[in-house]
Each structure stands twice: as C-alpha cells, then as structure tokens.
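**Q** Dropping in run_5.cif, with mmCIF, C-alpha atoms.
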data_work
loop_
_atom_site.label_atom_id
_atom_site.label_comp_id
_atom_site.auth_asym_id
_atom_site.auth_seq_id
_atom_site.Cartn_x
_atom_site.Cartn_y
_atom_site.Cartn_z
CA MET A 1 96.09 125.25 100.23
CA VAL A 2 96.81 123.02 103.24
CA ASP A 3 98.02 119.54 102.30
CA TYR A 4 96.15 117.28 104.70
CA TYR A 5 98.08 114.25 103.46
CA ALA A 6 101.32 115.87 104.54
CA THR A 7 99.70 116.80 107.87
CA LEU A 8 98.92 113.13 108.56
CA LYS A 9 102.23 112.02 106.98
CA ILE A 10 100.55 109.67 104.50
CA SER A 11 100.38 109.17 100.76
CA SER A 12 97.56 110.68 98.72
CA LYS A 13 96.74 107.09 97.71
CA ALA A 14 96.35 105.94 101.33
CA SER A 15 93.36 103.76 102.12
CA THR A 16 90.73 104.65 104.71
CA ALA A 17 92.30 102.20 107.15
CA GLU A 18 95.75 103.79 106.66
CA ILE A 19 94.30 107.27 107.23
CA LYS A 20 92.61 106.13 110.42
CA SER A 21 95.77 104.43 111.65
CA ALA A 22 97.91 107.51 110.94
CA TYR A 23 95.45 109.78 112.74
CA ARG A 24 95.28 107.55 115.81
CA ARG A 25 99.08 107.34 115.98
CA LEU A 26 99.53 111.11 115.76
CA ALA A 27 96.56 111.86 118.04
CA ARG A 28 98.00 109.75 120.84
CA LYS A 29 101.37 111.40 120.38
CA LEU A 30 100.08 114.98 120.19
CA HIS A 31 97.18 114.83 122.61
CA PRO A 32 97.37 117.96 124.84
CA ASP A 33 96.86 115.89 127.99
CA LYS A 34 100.09 114.06 127.23
CA ASN A 35 102.09 117.21 126.55
CA ASN A 36 101.34 119.35 129.60
CA GLY A 37 98.92 121.54 127.64
CA SER A 38 101.63 122.74 125.23
CA GLU A 39 100.19 125.38 122.89
CA THR A 40 102.35 124.20 119.99
CA THR A 41 101.24 120.62 120.46
CA ALA A 42 97.63 121.72 120.79
CA ARG A 43 97.83 123.49 117.43
CA SER A 44 99.39 120.41 115.86
CA PHE A 45 96.66 118.25 117.36
CA ALA A 46 94.00 120.58 115.94
CA SER A 47 95.66 120.33 112.52
CA ILE A 48 95.61 116.55 112.41
CA ALA A 49 92.03 116.53 113.71
CA GLU A 50 91.01 118.87 110.89
CA ALA A 51 92.87 116.72 108.35
CA TYR A 52 91.20 113.56 109.60
CA GLU A 53 87.80 115.24 109.61
CA VAL A 54 88.17 115.68 105.85
CA LEU A 55 90.20 112.67 104.74
CA GLY A 56 88.38 110.27 107.04
CA ASN A 57 85.10 110.98 105.25
CA PRO A 58 85.09 109.49 101.70
CA LYS A 59 82.79 112.16 100.28
CA GLU A 60 84.65 115.04 101.90
CA ARG A 61 87.93 113.50 100.77
CA GLU A 62 86.74 113.35 97.15
CA ILE A 63 85.82 117.05 97.21
CA TYR A 64 89.14 117.93 98.86
CA ASP A 65 91.16 115.89 96.35
CA ARG A 66 89.49 117.68 93.44
CA ARG A 67 90.32 121.05 94.98
CA LEU A 68 93.87 119.94 95.66
CA ILE A 69 94.37 118.81 92.07
CA GLU A 70 92.90 122.04 90.74
CA ALA A 71 95.20 124.07 93.00
CA GLN A 72 98.24 122.09 91.85
CA TYR A 73 97.11 122.42 88.24
CA ASN A 74 96.70 126.18 88.56
CA ASN A 75 100.10 126.50 90.24
CA THR A 76 101.63 124.61 87.33
CA VAL A 77 99.87 126.82 84.82
CA ASN A 78 100.95 130.02 86.59
CA GLY A 79 104.44 128.83 87.53
CA ASP A 80 107.81 129.36 85.93
CA SER A 81 108.58 125.82 84.80
CA VAL A 82 108.60 124.69 81.19
CA PHE A 83 105.31 122.90 81.84
CA ALA A 84 103.69 126.25 82.69
CA SER A 85 104.29 127.54 79.19
CA SER A 86 101.57 128.05 76.62
CA ASN A 87 103.22 125.47 74.40
CA ALA A 88 100.63 123.02 73.06
CA HIS A 89 102.66 120.01 74.29
CA ALA A 90 102.92 121.47 77.79
CA LYS A 91 99.18 122.14 77.86
CA ARG A 92 98.49 118.60 76.72
CA TRP A 93 100.81 117.21 79.41
CA ARG A 94 99.07 119.22 82.12
CA GLN A 95 95.68 118.04 80.94
CA LEU A 96 96.80 114.39 80.92
CA VAL A 97 98.17 114.69 84.46
CA TYR A 98 94.97 116.33 85.64
CA GLU A 99 92.79 113.65 84.05
CA HIS A 100 94.98 110.88 85.43
CA ARG A 101 94.79 112.24 88.98
CA TYR A 102 91.03 112.74 88.68
CA ASN A 103 90.56 109.16 87.43
CA GLU A 104 92.60 107.94 90.43
CA ILE A 105 90.11 109.64 92.75
CA ILE A 106 87.15 107.99 91.02
CA ASP A 107 88.84 104.57 91.03
CA ARG A 108 89.68 104.90 94.72
CA MET A 109 86.12 105.87 95.59
CA ILE A 110 84.73 102.89 93.68
CA ALA A 111 87.23 100.56 95.36
CA GLU A 112 86.34 101.93 98.82
CA GLU A 113 82.62 101.50 98.18
CA ARG A 114 83.21 97.97 96.95
CA ARG A 115 85.26 97.09 100.03
CA GLU A 116 82.55 98.49 102.29
CA ALA A 117 79.87 96.52 100.44
CA MET A 118 81.92 93.32 100.68
CA ALA A 119 82.60 93.90 104.37
CA LEU A 120 78.88 94.31 104.99
CA GLN A 121 78.13 91.13 103.05
CA LYS A 122 80.64 89.24 105.19
CA VAL A 123 78.43 90.04 108.16
CA ILE A 124 74.97 89.72 106.57
CA PHE A 125 75.48 86.34 104.92
CA PRO A 126 76.68 84.48 108.05
CA VAL A 127 73.99 86.05 110.24
CA VAL A 128 71.18 85.21 107.81
CA ALA A 129 72.59 81.70 107.33
CA LEU A 130 72.78 81.24 111.12
CA PHE A 131 69.17 82.30 111.70
CA LEU A 132 67.83 80.33 108.74
CA SER A 133 69.75 77.16 109.59
CA THR A 134 68.62 77.36 113.22
CA THR A 135 65.00 77.43 112.06
CA VAL A 136 65.47 74.58 109.56
CA ILE A 137 67.38 72.36 111.99
CA THR A 138 64.74 72.95 114.68
CA VAL A 139 62.05 71.87 112.21
CA LEU A 140 63.91 68.82 110.85
CA LYS A 141 65.37 67.61 114.16
CA PRO A 142 68.16 65.55 112.54
CA GLN A 143 69.76 62.61 114.32
CA LEU A 144 72.59 61.72 111.98
CA PHE A 145 75.44 61.46 114.45
CA ALA A 146 74.42 58.13 116.01
CA ASN A 147 73.89 56.59 112.57
CA LEU A 148 77.32 57.56 111.24
CA THR A 149 80.47 55.47 111.34
CA VAL A 150 83.35 56.60 113.52
CA ILE A 151 84.99 58.25 110.51
CA GLY A 152 81.74 60.02 109.70
CA GLN A 153 81.39 61.25 113.26
CA ILE A 154 84.96 62.56 113.23
CA ILE A 155 84.28 64.39 109.95
CA LEU A 156 81.06 65.87 111.32
CA VAL A 157 82.71 67.08 114.51
CA SER A 158 85.66 68.47 112.53
CA LEU A 159 83.32 70.39 110.23
CA PHE A 160 81.51 71.71 113.28
CA VAL A 161 84.76 72.95 114.86
CA VAL A 162 85.93 74.60 111.62
CA GLY A 163 82.47 76.09 111.03
CA ALA A 164 82.22 77.43 114.58
CA ILE A 165 85.65 79.06 114.40
CA HIS A 166 84.81 80.55 111.00
CA MET A 167 81.38 81.78 112.11
CA PHE A 168 82.61 83.42 115.30
CA GLY A 169 85.49 84.96 113.36
CA ARG A 170 83.09 86.50 110.85
CA LEU A 171 80.83 87.81 113.59
CA ARG A 172 83.76 89.21 115.56
CA ASP A 173 85.17 91.00 112.50
CA GLY A 174 81.75 92.42 111.70
CA ILE A 175 81.22 93.67 115.24
CA ASP A 176 84.69 95.24 115.29
CA ARG A 177 84.00 97.02 112.02
CA PHE A 178 80.38 98.13 112.43
CA ALA A 179 79.72 98.30 116.18
CA TYR A 180 81.39 100.44 118.83
CA SER A 181 82.15 99.41 122.36
CA ASP A 182 80.51 101.32 125.18
CA ASP A 183 83.96 101.60 126.76
CA ASP A 184 85.10 103.67 123.76
CA LEU A 185 82.79 106.49 124.84
CA HIS A 186 85.51 107.52 127.30
CA ASP A 187 87.97 107.91 124.42
CA SER A 188 85.80 110.38 122.53
CA ILE A 189 88.59 112.43 120.98
CA LEU A 190 89.95 109.44 119.12
CA ASP A 191 86.67 107.67 118.38
CA ASP A 192 84.11 110.30 117.35
CA ARG A 193 84.39 109.39 113.69
CA ASP A 194 84.39 105.67 114.54
CA ARG A 195 81.03 106.04 116.23
CA ALA A 196 79.73 108.02 113.27
CA HIS A 197 80.41 104.97 111.10
CA LYS A 198 79.29 102.53 113.80
CA PRO A 199 75.69 103.39 114.64
CA TYR A 200 75.14 100.39 116.93
CA SER A 201 76.72 99.47 120.24
CA ARG A 202 78.14 96.01 120.80
CA ALA A 203 75.54 95.44 123.47
CA SER A 204 72.70 96.11 121.02
CA VAL A 205 74.30 93.87 118.40
CA GLY A 206 74.67 91.09 120.96
CA LEU A 207 71.02 91.51 121.93
CA PHE A 208 70.01 91.38 118.25
CA LEU A 209 71.94 88.15 117.68
CA PHE A 210 70.55 86.52 120.80
CA GLY A 211 67.01 87.67 119.97
CA GLY A 212 67.37 86.48 116.38
CA LEU A 213 68.53 83.04 117.48
CA LEU A 214 65.72 82.80 120.02
CA LEU A 215 63.14 83.85 117.42
CA SER A 216 64.55 81.41 114.83
CA PHE A 217 64.43 78.61 117.39
CA GLY A 218 60.86 79.50 118.34
CA VAL A 219 59.69 79.64 114.72
CA GLY A 220 61.33 76.27 114.08
CA LEU A 221 59.57 74.69 117.04
CA LEU A 222 56.25 76.19 115.96
CA ILE A 223 56.56 74.86 112.42
CA GLY A 224 57.83 71.52 113.72
CA ASN A 225 54.66 71.06 115.73
CA TYR A 226 52.63 71.06 112.52
CA VAL A 227 55.07 69.29 110.20
CA SER A 228 56.31 65.84 111.16
CA VAL A 229 59.42 65.36 109.02
CA GLU A 230 60.21 62.09 110.78
CA SER A 231 57.08 60.45 109.39
CA LEU A 232 57.61 61.77 105.87
CA THR A 233 61.24 60.79 105.30
CA MET A 234 63.68 57.99 105.91
CA ARG A 235 63.33 56.65 109.41
CA GLY A 236 66.41 57.08 111.54
CA MET A 237 67.49 60.30 109.82
CA PHE A 238 65.20 62.60 111.77
CA SER A 239 63.55 62.51 115.16
CA LYS A 240 60.36 63.70 116.79
CA THR A 241 62.41 65.47 119.45
CA LEU A 242 65.35 67.84 119.14
CA SER A 243 68.64 66.18 120.09
CA PRO A 244 71.83 67.88 121.37
CA GLU A 245 73.59 67.20 118.05
CA ALA A 246 71.46 69.98 116.52
CA VAL A 247 74.14 72.47 117.61
CA PHE A 248 76.52 70.90 115.08
CA TYR A 249 74.66 71.96 111.97
CA PRO A 250 74.19 75.78 112.00
CA PRO A 251 77.96 76.51 112.02
CA ILE A 252 78.48 73.97 109.23
CA PHE A 253 75.66 75.56 107.24
CA VAL A 254 77.17 79.03 107.76
CA LEU A 255 80.56 77.74 106.57
CA VAL A 256 79.06 76.24 103.39
CA VAL A 257 77.05 79.39 102.60
CA ASP A 258 80.09 81.60 103.15
CA LEU A 259 82.27 79.41 100.92
CA ILE A 260 79.67 79.58 98.15
CA HIS A 261 79.51 83.36 98.60
CA SER A 262 83.31 83.61 98.41
CA PHE A 263 83.47 81.57 95.22
CA ALA A 264 80.62 83.60 93.69
CA PHE A 265 82.10 87.03 94.47
CA GLY A 266 85.81 86.29 94.24
CA SER A 267 88.77 86.40 96.62
CA ASP A 268 87.90 89.85 98.02
CA THR A 269 85.28 88.27 100.28
#
Show me, as structure tokens, the structure contained in the file I just sent.

**A**
Amino acid sequence: MVDYYATLKISSKASTAEIKSAYRRLARKLHPDKNNGSETTARSFASIAEAYEVLGNPKEREIYDRRLIEAQYNNTVNGDSVFASSNAHAKRWRQLVYEHRYNEIIDRMIAEERREAMALQKVIFPVVALFLSTTVITVLKPQLFANLTVIGQIILVSLFVVGAIHMFGRLRDGIDRFAYSDDDLHDSILDDRDRAHKPYSRASVGLFLFGGLLLSFGVGLLIGNYVSVESLTMRGMFSKTLSPEAVFYPPIFVLVVDLIHSFAFGSDT
C-alpha cells in the first residue's frame, strides 16, 4: 500500500496546514512546467497530487489511515518478527498498538473539527458584532467624546485604534481562510482544493460586508426616526443627529465581544 505520508515527506500526525504546506512546496518544485516536461518529474508530481487529494480531505484521510493501520497490522501478523507470533502476549501487543493508532485518528479528527469550528466563530462573532453595533450606534447617536475629559478622550481613541486593528485582523484572517482570491484562478493546479474549501470569492465577501454595513446603518436610521433616545435619557449623552464620533464605537464593541468570546471558549479562540 502506498504511504502518502512518505510521498509528501510528512509525519502521519501532521496537521491539515502542514499537509497543505508540504504539498505546495513539493508541487512548486516538481511542477512539469518548471522541469522541461520531464517524465520522471511528471510522475512524481502526479504522486504528490494523489497523496494530497486523499490527505488534504479530512474524511478521505480518516478512511486512508484506517486502511494503512490495517495493512500494517496484517503485515505484522503475517511477518517473521517475534510480534507476528501466535503468542498471547504478542497478540495483545498488536491489539494495543492497533487501538492506540485508531484512537489517534479519532482524536485528530475531533481536534481538526474543533479548530475549524473555532476558526469559523472567529469570523462570525466579529461580523455579527459589527453589524449589530452599527445598528445600535445609529439608533442611539451617542455624543460622548465632547463630554469626556482629555484623559477620557485619549482612552476612547486608544480603544478605537486597538479595536479597529483587532477587527480588521479578524476579518483579514477569516477572508484568507474561507475566501479565495480571483487571482488564484490562474494557479489552478495548486489551489483546486483551496477553492473547494473556500466557496466564496473575496469580491463577494467584500460585497457582503459592505451590504451588511449599509443595511445595518439603514435599519438604525429607520428605527432612530421612531425612537428618540435623546429625549428619554440623560441629556448630553445622546444626540438627535449622528455625529462623526459614531465610527469609534463599532470597533470597540467588536473588541469587547471578541474578548468575552475568548474568555468563554478558552485560549484556542
């Protein structure tokens, strides 16, 4: 049975990211276009492509790992070593090894699924917080900045800067992980599997974010026309009109929500 891990020169415990990185490195090195159409290189390239086709897909990899373990187990049983004997201790040892390897597969699959879920949450929470805060701020129309002391204004601006950097970082990471670039279409040999896991283009994601912000802003204005927060709360805290300082608050809100999410779900987020 072909050892795809050996083909990609990686450990059987390699993560999905490590598998992808190994494939890309070898694919660039063995690409036929870079080796004058060498038949040997072409065969090697086909081998790593086949290996990545299996190992790069978590479900296919699980099936392959089970077959690989069974093949190794059968070779041990039918081999000439002391562990291939019918001795009860040797049988027990083989069974323990088999169970241990099988449990490793299950644990890795659970860990991969958890990482994917956490990565998705890192995108969903900031986006939802951004849209929701935009609506709320548009309704409330706060005017806190002018009423704060210099120290308070510095703190507010600092929180805005930190929040904006954090928010854009989250969005950038999410786009890199879940959206493909239209430019990558020209690099199809290396990126076919990437696009399989990235169903949306960056252009469509950008349009979604812009449309979501515009819709949130519109909903906020619509609600604000019927609810006068300024007349119901402390005067000076809110205004009848939206002031430029409104841009400060959504990034701060996103930062707070993300920190709460991180504390709630642990350091993995």

**Q** I'd like the residues picked by the PyMOL selection byres ((chain A and resi 58) around 10) written out as a PDB file with C-alpha atoms, keeping the file's coordinate frame, using the chain letters and numbers from the file.

**A**
ATOM      1  CA  THR A  16      90.730 104.650 104.710  1.00  0.00           C
ATOM      2  CA  VAL A  54      88.170 115.680 105.850  1.00  0.00           C
ATOM      3  CA  LEU A  55      90.200 112.670 104.740  1.00  0.00           C
ATOM      4  CA  GLY A  56      88.380 110.270 107.040  1.00  0.00           C
ATOM      5  CA  ASN A  57      85.100 110.980 105.250  1.00  0.00           C
ATOM      6  CA  LYS A  59      82.790 112.160 100.280  1.00  0.00           C
ATOM      7  CA  GLU A  60      84.650 115.040 101.900  1.00  0.00           C
ATOM      8  CA  ARG A  61      87.930 113.500 100.770  1.00  0.00           C
ATOM      9  CA  GLU A  62      86.740 113.350  97.150  1.00  0.00           C
ATOM     10  CA  ILE A  63      85.820 117.050  97.210  1.00  0.00           C
ATOM     11  CA  TYR A  64      89.140 117.930  98.860  1.00  0.00           C
ATOM     12  CA  ARG A 108      89.680 104.900  94.720  1.00  0.00           C
ATOM     13  CA  MET A 109      86.120 105.870  95.590  1.00  0.00           C
ATOM     14  CA  GLU A 112      86.340 101.930  98.820  1.00  0.00           C
ATOM     15  CA  GLU A 113      82.620 101.500  98.180  1.00  0.00           C
TER      16      GLU A 113
END

**Q** For the PyMOL selection byres ((chain A and resi 9) around 10), applied here, can you spell out every residue it catches as a VMD selection string?

**A** chain A and resid 3 to 8 10 to 12 19 22 to 23 26 48

**Q** Report as a PDB file with C-alpha atoms, in the frame of the given file the full result of the PyMOL selection byres ((chain A and resi 121-134) around 6) when it is applied to this structure.

**A**
ATOM      1  CA  MET A 118      81.920  93.320 100.680  1.00  0.00           C
ATOM      2  CA  ALA A 119      82.600  93.900 104.370  1.00  0.00           C
ATOM      3  CA  LEU A 120      78.880  94.310 104.990  1.00  0.00           C
ATOM      4  CA  THR A 135      65.000  77.430 112.060  1.00  0.00           C
ATOM      5  CA  VAL A 136      65.470  74.580 109.560  1.00  0.00           C
ATOM      6  CA  ILE A 137      67.380  72.360 111.990  1.00  0.00           C
ATOM      7  CA  GLY A 174      81.750  92.420 111.700  1.00  0.00           C
ATOM      8  CA  LEU A 213      68.530  83.040 117.480  1.00  0.00           C
ATOM      9  CA  SER A 216      64.550  81.410 114.830  1.00  0.00           C
ATOM     10  CA  PRO A 250      74.190  75.780 112.000  1.00  0.00           C
ATOM     11  CA  VAL A 254      77.170  79.030 107.760  1.00  0.00           C
TER      12      VAL A 254
END

**Q** By how many Å are CA of Met237 (chain A) and CA of Gly218 (chain A) apart?

**A**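 Calculated distance between CA of Met237 (chain A) and CA of Gly218 (chain A) is 22.0 Å.
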
**Q** Choose the residue, out of A:Leu140, A:Ala264, A:Leu255, A:Ala203, that has the smallest atom-to-atom separation from Ser239 (chain A); count only C-alpha atoms.

**A**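 Closest to Ser239 (chain A), using only C-alpha atoms: A:Leu140.
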
**Q** Any idea what the distance is between CA of Val227 (chain A) and CA of Ala164 (chain A)?

**A**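 Computed distance, CA of Val227 (chain A) to CA of Ala164 (chain A), equals 28.7 Å.
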
**Q** If we draw a sphere of 8 Å around (59.2, 77.4, 109.3), which residues have at least one atom in it when counting only C-alpha atoms? Please report them as an NGL selection string.

**A** :A and (135-136 or 139 or 219-220 or 222-224)

**Q** Could you check how far CA of Lys141 (chain A) sits from CA of Lys240 (chain A), in Å to one decimal?

**A**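 Those two atoms sit 6.9 Å apart.
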